[in-house]
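Pasting model.txt here (compact mmCIF, C-alpha atoms and all ligand atoms):
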# COMPACT_ATOMS: atom_id res chain seq x y z
CA MET A 523 -56.81 21.48 -24.58
CA GLY A 524 -54.95 19.26 -27.01
CA GLN A 525 -51.88 19.67 -29.15
CA VAL A 526 -51.31 22.86 -31.13
CA TYR A 527 -51.34 22.40 -34.89
CA ASP A 528 -50.38 24.73 -37.72
CA VAL A 529 -53.62 24.10 -39.60
CA ILE A 530 -56.87 22.31 -38.87
CA VAL A 531 -58.87 21.10 -41.88
CA ILE A 532 -62.60 20.54 -41.22
CA GLY A 533 -64.15 18.03 -43.64
CA LEU A 534 -62.08 15.36 -45.42
CA GLY A 535 -64.19 14.84 -48.54
CA GLY A 536 -63.14 15.75 -52.07
CA MET A 537 -61.70 19.15 -51.25
CA GLY A 538 -60.57 18.66 -47.66
CA SER A 539 -58.59 15.50 -48.40
CA ALA A 540 -56.68 17.34 -51.14
CA ALA A 541 -56.12 20.37 -48.90
CA ALA A 542 -54.84 18.21 -46.01
CA TYR A 543 -52.40 16.51 -48.37
CA GLN A 544 -51.09 19.77 -49.87
CA LEU A 545 -50.63 21.34 -46.45
CA ALA A 546 -48.89 18.28 -44.98
CA LYS A 547 -46.65 18.03 -48.02
CA ARG A 548 -45.52 21.60 -47.38
CA GLY A 549 -44.39 20.61 -43.91
CA ARG A 550 -47.33 22.02 -41.96
CA LYS A 551 -48.56 20.24 -38.87
CA VAL A 552 -52.05 19.32 -40.04
CA LEU A 553 -55.06 18.01 -38.14
CA GLY A 554 -57.94 16.81 -40.32
CA LEU A 555 -61.37 16.28 -38.75
CA GLU A 556 -64.13 14.27 -40.45
CA GLN A 557 -67.55 13.30 -39.10
CA PHE A 558 -67.74 10.05 -41.12
CA GLY A 559 -65.19 7.43 -42.21
CA PRO A 560 -62.58 7.77 -44.98
CA ALA A 561 -64.09 8.14 -48.50
CA HIS A 562 -67.67 7.68 -47.22
CA ASP A 563 -70.89 7.83 -49.27
CA GLN A 564 -72.87 10.34 -47.18
CA GLY A 565 -71.81 13.61 -48.80
CA SER A 566 -70.96 14.61 -52.38
CA SER A 567 -67.89 12.60 -53.39
CA HIS A 568 -69.09 9.03 -53.94
CA GLY A 569 -70.64 6.77 -56.59
CA GLY A 570 -67.55 5.43 -58.35
CA SER A 571 -67.21 8.05 -61.10
CA ARG A 572 -66.99 11.78 -61.78
CA ILE A 573 -66.65 13.38 -65.21
CA ILE A 574 -63.51 15.37 -65.90
CA ARG A 575 -63.42 17.56 -69.01
CA GLN A 576 -61.53 20.58 -70.26
CA ALA A 577 -63.80 22.47 -72.70
CA TYR A 578 -65.60 24.13 -69.84
CA TYR A 579 -69.03 25.40 -70.92
CA GLU A 580 -69.66 26.95 -67.50
CA ASP A 581 -66.97 29.60 -68.13
CA PRO A 582 -63.67 29.52 -70.07
CA ALA A 583 -62.07 31.02 -66.93
CA TYR A 584 -62.02 27.49 -65.46
CA VAL A 585 -59.80 26.08 -68.21
CA PRO A 586 -56.37 27.05 -66.78
CA LEU A 587 -57.45 25.53 -63.46
CA ILE A 588 -58.64 22.29 -65.01
CA LEU A 589 -55.37 21.91 -66.90
CA ARG A 590 -53.48 22.18 -63.61
CA ALA A 591 -55.98 19.78 -62.01
CA TYR A 592 -55.09 17.11 -64.60
CA GLU A 593 -51.37 17.50 -63.77
CA LEU A 594 -52.05 17.16 -60.07
CA TRP A 595 -54.27 14.07 -60.52
CA ARG A 596 -51.46 12.45 -62.51
CA GLU A 597 -49.00 13.43 -59.78
CA LEU A 598 -51.24 11.80 -57.17
CA GLU A 599 -51.41 8.65 -59.31
CA ARG A 600 -47.61 8.49 -59.39
CA GLU A 601 -47.25 9.09 -55.66
CA SER A 602 -49.99 6.70 -54.59
CA GLY A 603 -49.50 4.02 -57.27
CA ARG A 604 -53.28 4.05 -57.91
CA LYS A 605 -55.25 4.50 -61.11
CA LEU A 606 -57.49 7.54 -60.59
CA LEU A 607 -58.06 9.26 -63.93
CA THR A 608 -59.13 7.42 -67.08
CA ILE A 609 -59.43 9.15 -70.43
CA THR A 610 -62.39 7.88 -72.46
CA GLY A 611 -63.18 10.98 -74.52
CA GLY A 612 -66.27 12.99 -73.71
CA LEU A 613 -69.31 13.87 -75.75
CA MET A 614 -71.32 17.05 -75.06
CA LEU A 615 -74.72 16.97 -76.74
CA GLY A 616 -77.67 19.29 -77.18
CA GLU A 617 -79.18 21.82 -79.54
CA ALA A 618 -76.46 23.73 -81.38
CA GLY A 619 -77.25 26.85 -79.34
CA SER A 620 -77.54 25.07 -75.98
CA GLU A 621 -75.38 26.06 -73.04
CA VAL A 622 -73.54 22.72 -73.11
CA VAL A 623 -72.80 22.62 -76.85
CA ALA A 624 -72.22 26.31 -77.58
CA GLY A 625 -70.33 26.83 -74.32
CA SER A 626 -68.07 23.78 -74.75
CA LEU A 627 -67.28 24.82 -78.30
CA ALA A 628 -66.43 28.38 -77.23
CA SER A 629 -64.16 27.10 -74.45
CA ALA A 630 -62.45 24.58 -76.75
CA GLN A 631 -61.84 27.22 -79.42
CA GLN A 632 -60.68 29.91 -77.02
CA HIS A 633 -58.14 27.58 -75.37
CA GLY A 634 -57.17 25.48 -78.41
CA LEU A 635 -58.42 22.22 -76.85
CA PRO A 636 -58.59 19.17 -79.14
CA HIS A 637 -62.21 18.51 -80.13
CA GLU A 638 -64.45 17.37 -82.98
CA ARG A 639 -67.89 18.58 -84.01
CA LEU A 640 -70.27 15.69 -84.64
CA SER A 641 -73.73 15.62 -86.21
CA ALA A 642 -76.51 13.45 -84.79
CA GLU A 643 -75.94 10.95 -87.59
CA MET A 644 -72.20 10.74 -86.90
CA ILE A 645 -72.91 10.21 -83.21
CA ARG A 646 -75.38 7.38 -83.87
CA LYS A 647 -72.83 5.64 -86.08
CA ARG A 648 -69.85 6.06 -83.82
CA PHE A 649 -71.62 5.45 -80.47
CA PRO A 650 -74.66 3.31 -81.32
CA ALA A 651 -75.89 3.32 -77.71
CA LEU A 652 -76.69 7.01 -78.21
CA GLN A 653 -79.60 7.77 -80.53
CA PRO A 654 -79.82 11.57 -80.79
CA PRO A 655 -82.57 12.78 -83.09
CA ALA A 656 -81.62 14.93 -86.10
CA GLY A 657 -80.81 18.45 -85.01
CA VAL A 658 -78.84 17.44 -81.93
CA ALA A 659 -75.22 18.54 -82.19
CA GLY A 660 -72.20 17.07 -80.46
CA ILE A 661 -68.78 18.29 -79.37
CA TYR A 662 -66.40 15.40 -78.80
CA GLU A 663 -63.61 16.29 -76.45
CA VAL A 664 -60.55 14.08 -76.77
CA ASN A 665 -59.12 14.61 -73.27
CA ALA A 666 -62.29 14.10 -71.23
CA GLY A 667 -62.79 11.06 -69.03
CA TYR A 668 -63.60 10.16 -65.47
CA LEU A 669 -62.12 10.11 -61.99
CA HIS A 670 -62.83 7.48 -59.37
CA PRO A 671 -63.81 9.79 -56.49
CA GLU A 672 -63.53 7.36 -53.57
CA ASN A 673 -60.07 6.27 -54.74
CA CYS A 674 -59.02 9.91 -55.18
CA VAL A 675 -60.11 10.79 -51.65
CA GLU A 676 -58.46 7.69 -50.21
CA ALA A 677 -55.24 8.38 -52.09
CA TYR A 678 -55.13 11.96 -50.77
CA LEU A 679 -55.82 10.78 -47.22
CA ASP A 680 -53.10 8.11 -47.43
CA GLN A 681 -50.59 10.58 -48.82
CA ALA A 682 -51.53 13.19 -46.22
CA LEU A 683 -50.81 10.59 -43.52
CA ALA A 684 -47.54 9.69 -45.22
CA HIS A 685 -46.57 13.37 -44.99
CA GLY A 686 -47.29 13.41 -41.27
CA ALA A 687 -50.87 14.67 -41.04
CA THR A 688 -53.10 13.60 -38.13
CA LEU A 689 -56.54 12.57 -39.39
CA ARG A 690 -59.42 11.96 -37.03
CA PHE A 691 -62.54 10.25 -38.41
CA TYR A 692 -65.99 9.88 -36.83
CA GLU A 693 -65.37 13.15 -35.01
CA THR A 694 -67.98 15.82 -35.69
CA VAL A 695 -67.04 19.47 -35.40
CA THR A 696 -69.66 21.26 -33.31
CA GLY A 697 -68.20 24.76 -33.59
CA TRP A 698 -65.11 26.85 -34.24
CA LYS A 699 -63.78 30.25 -33.22
CA ALA A 700 -61.12 32.41 -34.79
CA THR A 701 -59.31 35.32 -33.19
CA ALA A 702 -56.17 37.21 -34.21
CA ARG A 703 -54.19 34.75 -32.05
CA GLY A 704 -55.43 31.55 -33.67
CA VAL A 705 -58.35 29.20 -34.02
CA THR A 706 -60.13 26.80 -31.68
CA VAL A 707 -62.22 23.93 -33.00
CA GLN A 708 -64.72 22.15 -30.83
CA THR A 709 -65.81 18.57 -31.47
CA ALA A 710 -68.17 16.33 -29.56
CA SER A 711 -65.23 14.89 -27.60
CA SER A 712 -62.38 17.45 -27.71
CA SER A 713 -61.15 20.92 -28.41
CA TYR A 714 -58.18 21.66 -30.70
CA THR A 715 -56.14 24.78 -31.38
CA ALA A 716 -54.11 25.85 -34.38
CA ALA A 717 -52.75 28.95 -36.06
CA ARG A 718 -55.08 28.54 -39.04
CA LEU A 719 -58.26 26.88 -40.17
CA VAL A 720 -59.45 25.46 -43.48
CA VAL A 721 -63.17 24.67 -43.85
CA CYS A 722 -64.24 22.25 -46.63
CA PRO A 723 -67.80 21.48 -45.50
CA GLY A 724 -69.50 20.25 -48.69
CA PRO A 725 -73.27 20.24 -48.14
CA TRP A 726 -72.83 21.03 -44.44
CA ALA A 727 -71.72 24.57 -45.39
CA SER A 728 -74.63 26.37 -43.78
CA SER A 729 -73.85 24.93 -40.37
CA LEU A 730 -70.05 25.42 -40.51
CA LEU A 731 -70.02 28.74 -42.38
CA HIS A 732 -73.18 30.41 -41.09
CA ASP A 733 -71.51 33.78 -40.42
CA MET A 734 -69.83 34.07 -43.83
CA GLY A 735 -72.69 35.90 -45.53
CA VAL A 736 -72.99 33.42 -48.42
CA GLU A 737 -76.17 31.41 -48.89
CA HIS A 738 -75.52 27.76 -49.82
CA ARG A 739 -78.44 25.72 -51.18
CA VAL A 740 -78.35 21.93 -51.13
CA GLU A 741 -79.98 19.93 -53.91
CA ARG A 742 -80.84 16.26 -53.47
CA VAL A 743 -79.91 14.20 -56.52
CA ALA A 744 -79.66 10.49 -57.28
CA GLN A 745 -77.29 8.31 -59.28
CA PHE A 746 -78.82 5.34 -61.15
CA TRP A 747 -77.23 2.17 -62.53
CA PHE A 748 -79.07 0.39 -65.36
CA ASP A 749 -78.45 -3.21 -66.36
CA ALA A 750 -76.86 -3.12 -69.82
CA GLN A 751 -75.59 -6.70 -70.00
CA ASP A 752 -77.30 -7.34 -73.35
CA PHE A 753 -75.69 -4.21 -74.81
CA TYR A 754 -72.41 -4.41 -72.95
CA TYR A 755 -70.36 -4.18 -76.14
CA GLN A 756 -71.83 -0.71 -76.78
CA PHE A 757 -70.91 0.55 -73.33
CA ARG A 758 -67.44 -0.91 -72.92
CA PRO A 759 -65.01 1.74 -71.63
CA SER A 760 -62.87 1.28 -74.74
CA GLN A 761 -65.90 2.11 -76.93
CA PHE A 762 -68.09 4.50 -75.04
CA PRO A 763 -67.28 8.04 -73.83
CA VAL A 764 -68.50 9.95 -70.83
CA PHE A 765 -71.35 12.16 -72.01
CA LEU A 766 -73.35 15.20 -70.96
CA TRP A 767 -76.57 15.85 -72.82
CA GLU A 768 -78.60 19.02 -72.40
CA VAL A 769 -82.23 18.03 -72.95
CA GLU A 770 -85.37 20.11 -72.48
CA ASN A 771 -85.53 23.05 -70.06
CA GLY A 772 -81.80 23.05 -69.37
CA VAL A 773 -81.92 19.58 -67.79
CA LYS A 774 -78.62 17.74 -68.15
CA LEU A 775 -78.51 13.99 -68.55
CA TYR A 776 -75.06 12.45 -68.17
CA GLY A 777 -73.43 9.11 -67.87
CA PHE A 778 -70.41 6.86 -68.09
CA PRO A 779 -69.28 3.68 -69.80
CA ALA A 780 -69.87 0.34 -68.01
CA LEU A 781 -66.89 0.94 -65.71
CA ASP A 782 -67.12 -2.03 -63.40
CA GLY A 783 -67.73 -4.84 -65.84
CA ARG A 784 -70.73 -6.40 -67.46
CA ALA A 785 -72.86 -7.09 -64.39
CA ALA A 786 -72.35 -3.80 -62.54
CA GLY A 787 -74.49 -1.67 -64.86
CA VAL A 788 -74.15 1.70 -66.57
CA LYS A 789 -74.37 4.79 -64.37
CA VAL A 790 -76.55 7.70 -65.48
CA ALA A 791 -78.02 10.71 -63.69
CA TYR A 792 -79.73 14.03 -64.36
CA TYR A 793 -79.88 17.48 -62.84
CA PRO A 794 -81.11 19.93 -61.81
CA THR A 795 -83.78 18.21 -59.74
CA ARG A 796 -84.66 21.35 -57.73
CA ASP A 797 -85.32 18.97 -54.85
CA TRP A 798 -83.94 21.34 -52.19
CA THR A 799 -82.90 19.83 -48.88
CA THR A 800 -80.34 20.12 -46.11
CA ALA A 801 -77.45 17.76 -45.42
CA GLU A 802 -79.03 16.92 -42.06
CA GLY A 803 -82.52 16.39 -43.48
CA LEU A 804 -81.61 14.44 -46.65
CA ASP A 805 -84.03 11.67 -47.61
CA ARG A 806 -81.64 8.91 -48.72
CA ASN A 807 -84.35 6.69 -50.13
CA VAL A 808 -84.65 6.85 -53.95
CA ARG A 809 -88.30 6.48 -54.93
CA GLN A 810 -89.74 4.58 -57.87
CA GLU A 811 -91.05 7.87 -59.37
CA GLU A 812 -87.49 9.13 -59.57
CA VAL A 813 -86.41 6.04 -61.48
CA MET A 814 -89.34 6.77 -63.85
CA VAL A 815 -88.15 10.35 -64.42
CA MET A 816 -84.67 9.03 -65.19
CA ARG A 817 -86.12 6.47 -67.56
CA ASN A 818 -88.13 9.16 -69.35
CA TYR A 819 -84.97 11.14 -70.03
CA LEU A 820 -83.34 8.00 -71.47
CA GLN A 821 -86.35 7.28 -73.69
CA GLY A 822 -85.62 8.08 -77.32
CA ARG A 823 -82.03 9.00 -76.47
CA ILE A 824 -80.42 5.86 -75.03
CA PRO A 825 -83.09 3.25 -75.80
CA SER A 826 -81.08 0.25 -74.57
CA LEU A 827 -80.98 1.75 -71.06
CA ALA A 828 -84.52 3.12 -71.14
CA SER A 829 -85.87 -0.43 -71.36
CA ALA A 830 -83.35 -1.96 -68.92
CA ASP A 831 -83.76 -2.72 -65.20
CA CYS A 832 -82.51 -0.15 -62.75
CA ILE A 833 -80.27 -2.26 -60.50
CA ARG A 834 -78.85 0.26 -58.05
CA THR A 835 -79.45 3.82 -56.84
CA ILE A 836 -77.84 6.14 -54.31
CA THR A 837 -78.50 9.75 -53.34
CA CYS A 838 -75.92 12.52 -53.46
CA MET A 839 -75.95 16.26 -52.76
CA HIS A 840 -75.04 19.32 -54.80
CA THR A 841 -74.17 22.49 -52.86
CA PHE A 842 -74.94 25.62 -54.87
CA SER A 843 -73.51 29.06 -54.31
CA PRO A 844 -75.82 31.93 -55.33
CA ASP A 845 -74.15 32.30 -58.77
CA GLY A 846 -73.07 28.68 -59.39
CA HIS A 847 -69.36 29.47 -59.12
CA PHE A 848 -67.13 28.05 -56.39
CA VAL A 849 -66.54 29.86 -53.10
CA VAL A 850 -62.81 29.64 -52.40
CA GLY A 851 -60.78 32.19 -50.49
CA HIS A 852 -60.25 33.80 -47.13
CA HIS A 853 -63.28 33.95 -44.87
CA PRO A 854 -64.47 37.59 -45.10
CA ARG A 855 -64.42 37.96 -41.29
CA HIS A 856 -61.32 35.96 -40.38
CA ALA A 857 -57.94 36.38 -42.08
CA ASN A 858 -56.67 33.03 -40.73
CA VAL A 859 -59.60 30.99 -42.08
CA VAL A 860 -59.75 29.71 -45.68
CA VAL A 861 -62.96 28.23 -47.07
CA ALA A 862 -63.66 25.97 -50.05
CA SER A 863 -67.38 25.47 -50.58
CA GLY A 864 -70.30 25.91 -52.98
CA PHE A 865 -68.97 23.59 -55.69
CA SER A 866 -72.35 23.81 -57.40
CA ALA A 867 -72.51 20.32 -58.94
CA HIS A 868 -69.25 20.57 -60.88
CA GLY A 869 -66.42 20.59 -58.36
CA PHE A 870 -64.89 17.15 -58.10
CA LYS A 871 -62.68 17.34 -61.18
CA PHE A 872 -61.03 20.42 -59.61
CA ALA A 873 -60.43 18.94 -56.14
CA SER A 874 -56.71 18.46 -56.83
CA VAL A 875 -56.13 22.08 -57.81
CA ILE A 876 -58.47 23.38 -55.11
CA GLY A 877 -56.23 21.59 -52.58
CA GLU A 878 -53.26 23.45 -54.01
CA ILE A 879 -55.07 26.81 -53.96
CA VAL A 880 -56.30 26.35 -50.40
CA ALA A 881 -52.78 25.47 -49.24
CA ASP A 882 -51.36 28.52 -51.07
CA LEU A 883 -53.92 30.81 -49.45
CA SER A 884 -53.49 29.30 -46.01
CA VAL A 885 -49.67 29.19 -46.00
CA ALA A 886 -48.71 32.21 -48.12
CA GLY A 887 -51.90 34.27 -48.09
CA GLU A 888 -52.04 34.30 -51.89
CA THR A 889 -52.03 32.01 -54.93
CA ARG A 890 -50.76 32.24 -58.49
CA HIS A 891 -54.00 30.68 -59.73
CA PRO A 892 -56.81 32.89 -61.09
CA VAL A 893 -59.40 32.74 -58.30
CA ALA A 894 -61.08 36.15 -58.44
CA LEU A 895 -64.24 34.45 -59.76
CA PHE A 896 -64.47 32.44 -56.52
CA SER A 897 -64.07 35.25 -53.97
CA PRO A 898 -66.31 34.75 -50.90
CA ARG A 899 -66.66 38.56 -50.80
CA ARG A 900 -68.35 38.83 -54.17
CA PHE A 901 -71.83 38.50 -52.71
CA GLY A 902 -71.51 41.80 -50.83
C1 LIG B 1001 -74.41 12.80 -58.20
C2 LIG B 1001 -73.29 13.77 -58.32
C3 LIG B 1001 -72.59 13.81 -59.51
C4 LIG B 1001 -71.55 14.70 -59.69
N1 LIG B 1001 -70.86 14.67 -60.85
C5 LIG B 1001 -69.77 15.44 -60.99
C6 LIG B 1001 -68.94 15.26 -62.12
O1 LIG B 1001 -69.21 14.42 -62.98
N2 LIG B 1001 -67.82 16.02 -62.20
C7 LIG B 1001 -67.49 16.92 -61.24
O2 LIG B 1001 -66.46 17.58 -61.39
N3 LIG B 1001 -68.25 17.11 -60.15
C8 LIG B 1001 -69.38 16.38 -60.01
N4 LIG B 1001 -70.16 16.50 -58.89
C9 LIG B 1001 -69.83 17.52 -57.89
C10 LIG B 1001 -68.71 17.09 -56.98
O3 LIG B 1001 -68.80 15.73 -56.67
C11 LIG B 1001 -68.72 17.97 -55.73
O4 LIG B 1001 -68.59 19.33 -56.14
C12 LIG B 1001 -67.59 17.62 -54.79
O5 LIG B 1001 -67.58 16.25 -54.50
C13 LIG B 1001 -67.70 18.43 -53.52
O6 LIG B 1001 -66.65 18.08 -52.62
P1 LIG B 1001 -66.63 18.68 -51.14
O7 LIG B 1001 -65.33 18.36 -50.55
O8 LIG B 1001 -67.08 20.11 -51.21
O9 LIG B 1001 -67.84 17.92 -50.39
P2 LIG B 1001 -67.76 16.48 -49.66
O10 LIG B 1001 -66.95 15.54 -50.46
O11 LIG B 1001 -69.14 16.12 -49.30
O12 LIG B 1001 -66.91 16.77 -48.36
C14 LIG B 1001 -67.37 17.51 -47.26
C15 LIG B 1001 -66.90 16.76 -46.03
O13 LIG B 1001 -67.06 17.55 -44.87
C16 LIG B 1001 -67.44 16.68 -43.82
N5 LIG B 1001 -68.08 17.47 -42.77
C17 LIG B 1001 -69.11 18.33 -42.94
N6 LIG B 1001 -69.46 18.87 -41.75
C18 LIG B 1001 -68.63 18.35 -40.83
C19 LIG B 1001 -68.49 18.52 -39.41
N7 LIG B 1001 -69.29 19.33 -38.72
N8 LIG B 1001 -67.52 17.84 -38.78
C20 LIG B 1001 -66.69 17.00 -39.46
N9 LIG B 1001 -66.77 16.80 -40.79
C21 LIG B 1001 -67.74 17.46 -41.46
C22 LIG B 1001 -68.40 15.75 -44.52
O14 LIG B 1001 -68.67 14.57 -43.78
C23 LIG B 1001 -67.69 15.49 -45.81
O15 LIG B 1001 -66.81 14.39 -45.75
C24 LIG B 1001 -71.22 15.60 -58.66
C25 LIG B 1001 -71.90 15.56 -57.46
C26 LIG B 1001 -72.92 14.63 -57.27
C27 LIG B 1001 -73.64 14.61 -55.96
Please express what this file holds, its structure, as structure tokens.
Ligand SMILES: Cc1cc2nc3c(=O)[nH]c(=O)nc-3n(C[C@H](O)[C@H](O)[C@H](O)COP(=O)(O)OP(=O)(O)OC[C@H]3O[C@@H](n4cnc5c(N)ncnc54)[C@H](O)[C@@H]3O)c2cc1C
Amino acid sequence: MGQVYDVIVIGLGGMGSAAAYQLAKRGRKVLGLEQFGPAHDQGSSHGGSRIIRQAYYEDPAYVPLILRAYELWRELERESGRKLLTITGGLMLGEAGSEVVAGSLASAQQHGLPHERLSAEMIRKRFPALQPPAGVAGIYEVNAGYLHPENCVEAYLDQALAHGATLRFYETVTGWKATARGVTVQTASSSYTAARLVVCPGPWASSLLHDMGVEHRVERVAQFWFDAQDFYYQFRPSQFPVFLWEVENGVKLYGFPALDGRAAGVKVAYYPTRDWTTAEGLDRNVRQEEVMVMRNYLQGRIPSLASADCIRTITCMHTFSPDGHFVVGHHPRHANVVVASGFSAHGFKFASVIGEIVADLSVAGETRHPVALFSPRRFG
């Protein structure tokens, strides 16, 4: 039996790294346990970029949280001295009545967020890489941009260490137990005890949270980089926004400027893929057919990429809750266990505020943030 901690955090990805930092900063004795290395590429928080935006089409209820998330990302930049969040502007495209366009507009209007409405013609003129056909509408959001996820995770891990946390990598949790007296966490090599537990499992939710009564489904997705050297001027970060384009059947195509210079390519992706998997069984090989599907979505929309070489791919996983909203709160069976899971393909931008919420719930039992939407008990 090892040292007794105040809180053990299982999983040091996007959410767990932020939670470990927030808890350590509040003076708790924190142990973080992670099965892979720091800021690895085996889960859900890798690939060099994540969109951050405020006009939340998924539900306006997320807007107060995202505003706080921006503040906390800026705070982490100041504390760590790293550049993490870059504002490029963000363009949401689709039919006027689509979820992405109508929902973003409703959120922007309800919360007074700075935005512009653009016609297809205005979009083609302003961002010539994008060639939406007539009838496609755009909402341009001034404060959208991207986060560098690996740097965010690393910055949180570094700052957690600086605040006294103990972080153990390459140590897989094989089980945990909670009783009224505390928690015990078992790993392949050791056993640890603490007063409280925080579980941030990402796509491994079904193995670490199997008795919670919430079904998590894992979707295999890929990220693609296309060679845009000939069109680099159109994709420069100073010229080109992050974008999210709802195409047929609710499929969303999204992408970024050429973030890493001329030769590194332009990253694009699409979802849903409905390619259901498990974290343990994930096929990490991206097939040529998948590149073809990506190319088809680019065809007639971003022609310069549709005809370019695909120079890099990597898989990633989305972890869906049954209703697509996050699962953040006390474990329904254990008052001393807080969970943060089911980020349903849109969680990274919130990691900073989720860390704060998890620390509030774990330390004080409550939070000032509106989290009723995320209750783990809502599924009955
Ligand atoms: C391709 C792609 C694009 C995305 N784009 C966006 C976007 O633009 N904007 C956005 O906001 N969100 C986006 N998302 C979603 C977002 O990235 C995720 O919601 C977020 O990263 C989830 O973080 P997490 O901490 O839950 O999971 P992870 O970062 O995967 O962390 C879970 C951690 O737990 C560890 N772990 C699990 N089991 C164990 C165990 N038994 N023992 C020890 N450690 C364990 C894992 O190794 C991992 O490090 C995207 C996701 C993908 C895949």
Contacts of Ser711 (chain A) at 12 Å or less, counting all atoms listed in the file, minus same-chain residues fewer than 5 places along, as a list of chain:residue names?
-> A:Met523, A:Gly524, A:Leu555, A:Gln557, A:Arg690, A:Tyr692, A:Glu693, A:Thr694, A:Val695, A:Thr696, A:Gly697
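Nearest residue to ligand LIG 1001 (chain B) among A:Phe753, A:Phe691, A:Tyr714, A:Tyr527 is A:Phe691, counting all atoms listed in the file.
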Check every protein, DNA and RNA residue against ligand LIG 1001 (chain B), keep those with an atom at most 7 Å away (counting all atoms listed in the file), and present them as an mmCIF file with C-alpha atoms, keeping the file's coordinate frame.
data_model
loop_
_atom_site.group_PDB
_atom_site.id
_atom_site.type_symbol
_atom_site.label_atom_id
_atom_site.label_comp_id
_atom_site.auth_asym_id
_atom_site.auth_seq_id
_atom_site.Cartn_x
_atom_site.Cartn_y
_atom_site.Cartn_z
ATOM 1 C CA ILE A 532 -62.600 20.540 -41.220
ATOM 2 C CA GLY A 533 -64.150 18.030 -43.640
ATOM 3 C CA LEU A 534 -62.080 15.360 -45.420
ATOM 4 C CA GLY A 535 -64.190 14.840 -48.540
ATOM 5 C CA GLY A 536 -63.140 15.750 -52.070
ATOM 6 C CA MET A 537 -61.700 19.150 -51.250
ATOM 7 C CA GLY A 538 -60.570 18.660 -47.660
ATOM 8 C CA LEU A 555 -61.370 16.280 -38.750
ATOM 9 C CA GLU A 556 -64.130 14.270 -40.450
ATOM 10 C CA GLN A 557 -67.550 13.300 -39.100
ATOM 11 C CA PHE A 558 -67.740 10.050 -41.120
ATOM 12 C CA HIS A 562 -67.670 7.680 -47.220
ATOM 13 C CA GLN A 564 -72.870 10.340 -47.180
ATOM 14 C CA GLY A 565 -71.810 13.610 -48.800
ATOM 15 C CA SER A 566 -70.960 14.610 -52.380
ATOM 16 C CA SER A 567 -67.890 12.600 -53.390
ATOM 17 C CA SER A 571 -67.210 8.050 -61.100
ATOM 18 C CA ARG A 572 -66.990 11.780 -61.780
ATOM 19 C CA ILE A 573 -66.650 13.380 -65.210
ATOM 20 C CA ILE A 574 -63.510 15.370 -65.900
ATOM 21 C CA GLU A 693 -65.370 13.150 -35.010
ATOM 22 C CA THR A 694 -67.980 15.820 -35.690
ATOM 23 C CA VAL A 695 -67.040 19.470 -35.400
ATOM 24 C CA THR A 696 -69.660 21.260 -33.310
ATOM 25 C CA CYS A 722 -64.240 22.250 -46.630
ATOM 26 C CA PRO A 723 -67.800 21.480 -45.500
ATOM 27 C CA GLY A 724 -69.500 20.250 -48.690
ATOM 28 C CA PRO A 725 -73.270 20.240 -48.140
ATOM 29 C CA TRP A 726 -72.830 21.030 -44.440
ATOM 30 C CA LEU A 730 -70.050 25.420 -40.510
ATOM 31 C CA VAL A 743 -79.910 14.200 -56.520
ATOM 32 C CA ALA A 744 -79.660 10.490 -57.280
ATOM 33 C CA GLN A 745 -77.290 8.310 -59.280
ATOM 34 C CA ALA A 791 -78.020 10.710 -63.690
ATOM 35 C CA CYS A 838 -75.920 12.520 -53.460
ATOM 36 C CA MET A 839 -75.950 16.260 -52.760
ATOM 37 C CA HIS A 840 -75.040 19.320 -54.800
ATOM 38 C CA ALA A 862 -63.660 25.970 -50.050
ATOM 39 C CA SER A 863 -67.380 25.470 -50.580
ATOM 40 C CA GLY A 864 -70.300 25.910 -52.980
ATOM 41 C CA PHE A 865 -68.970 23.590 -55.690
ATOM 42 C CA SER A 866 -72.350 23.810 -57.400
ATOM 43 C CA ALA A 867 -72.510 20.320 -58.940
ATOM 44 C CA HIS A 868 -69.250 20.570 -60.880
ATOM 45 C CA GLY A 869 -66.420 20.590 -58.360
ATOM 46 C CA PHE A 870 -64.890 17.150 -58.100
ATOM 47 C CA LYS A 871 -62.680 17.340 -61.180
ATOM 48 C CA PHE A 872 -61.030 20.420 -59.610
#
With region 620-625 of chain A as the partner and 12 Å as the cut-off, tabulate the residues of region 695-804 of chain A that qualify, each row holding the nearest pair of atoms and their distance in Å to one decimal, using only C-alpha atoms, sorted by chain and rising number, as a Markdown table.
| residue | atom | partner | partner_atom | distance |
| --- | --- | --- | --- | --- |
| A:Phe765 | CA | A:Val622 | CA | 10.8 |
| A:Leu766 | CA | A:Val622 | CA | 7.8 |
| A:Trp767 | CA | A:Val622 | CA | 7.5 |
| A:Glu768 | CA | A:Val622 | CA | 6.3 |
| A:Val769 | CA | A:Ser620 | CA | 9.0 |
| A:Glu770 | CA | A:Ser620 | CA | 9.9 |
| A:Asn771 | CA | A:Ser620 | CA | 10.1 |
| A:Gly772 | CA | A:Glu621 | CA | 8.0 |
| A:Val773 | CA | A:Val622 | CA | 10.4 |
| A:Lys774 | CA | A:Val622 | CA | 8.7 |
| A:Leu775 | CA | A:Val622 | CA | 11.0 |
| A:Tyr776 | CA | A:Val622 | CA | 11.5 |
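The gap separating CA of Ala682 (chain A) from CA of Arg548 (chain A) is 10.4 Å, in Å to one decimal.
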Write out as a count of residues only which residues come within 9 Å of Phe896 (chain A) when counting only C-alpha atoms, dropping same-chain ones fewer than 2 positions away.
-> 11
Excluding region 807-818 of chain A and residues on its chain fewer than 4 positions from it, collect all residues at most 9 Å away from it, counting only C-alpha atoms, and give them as a list in words.
-> Ala744, Phe746, Leu775, Val790, Ala791, Tyr792, Gly822, Leu827, Ala828, Ser829, Ala830, Cys832, Thr835, Ile836 and Thr837 of chain A
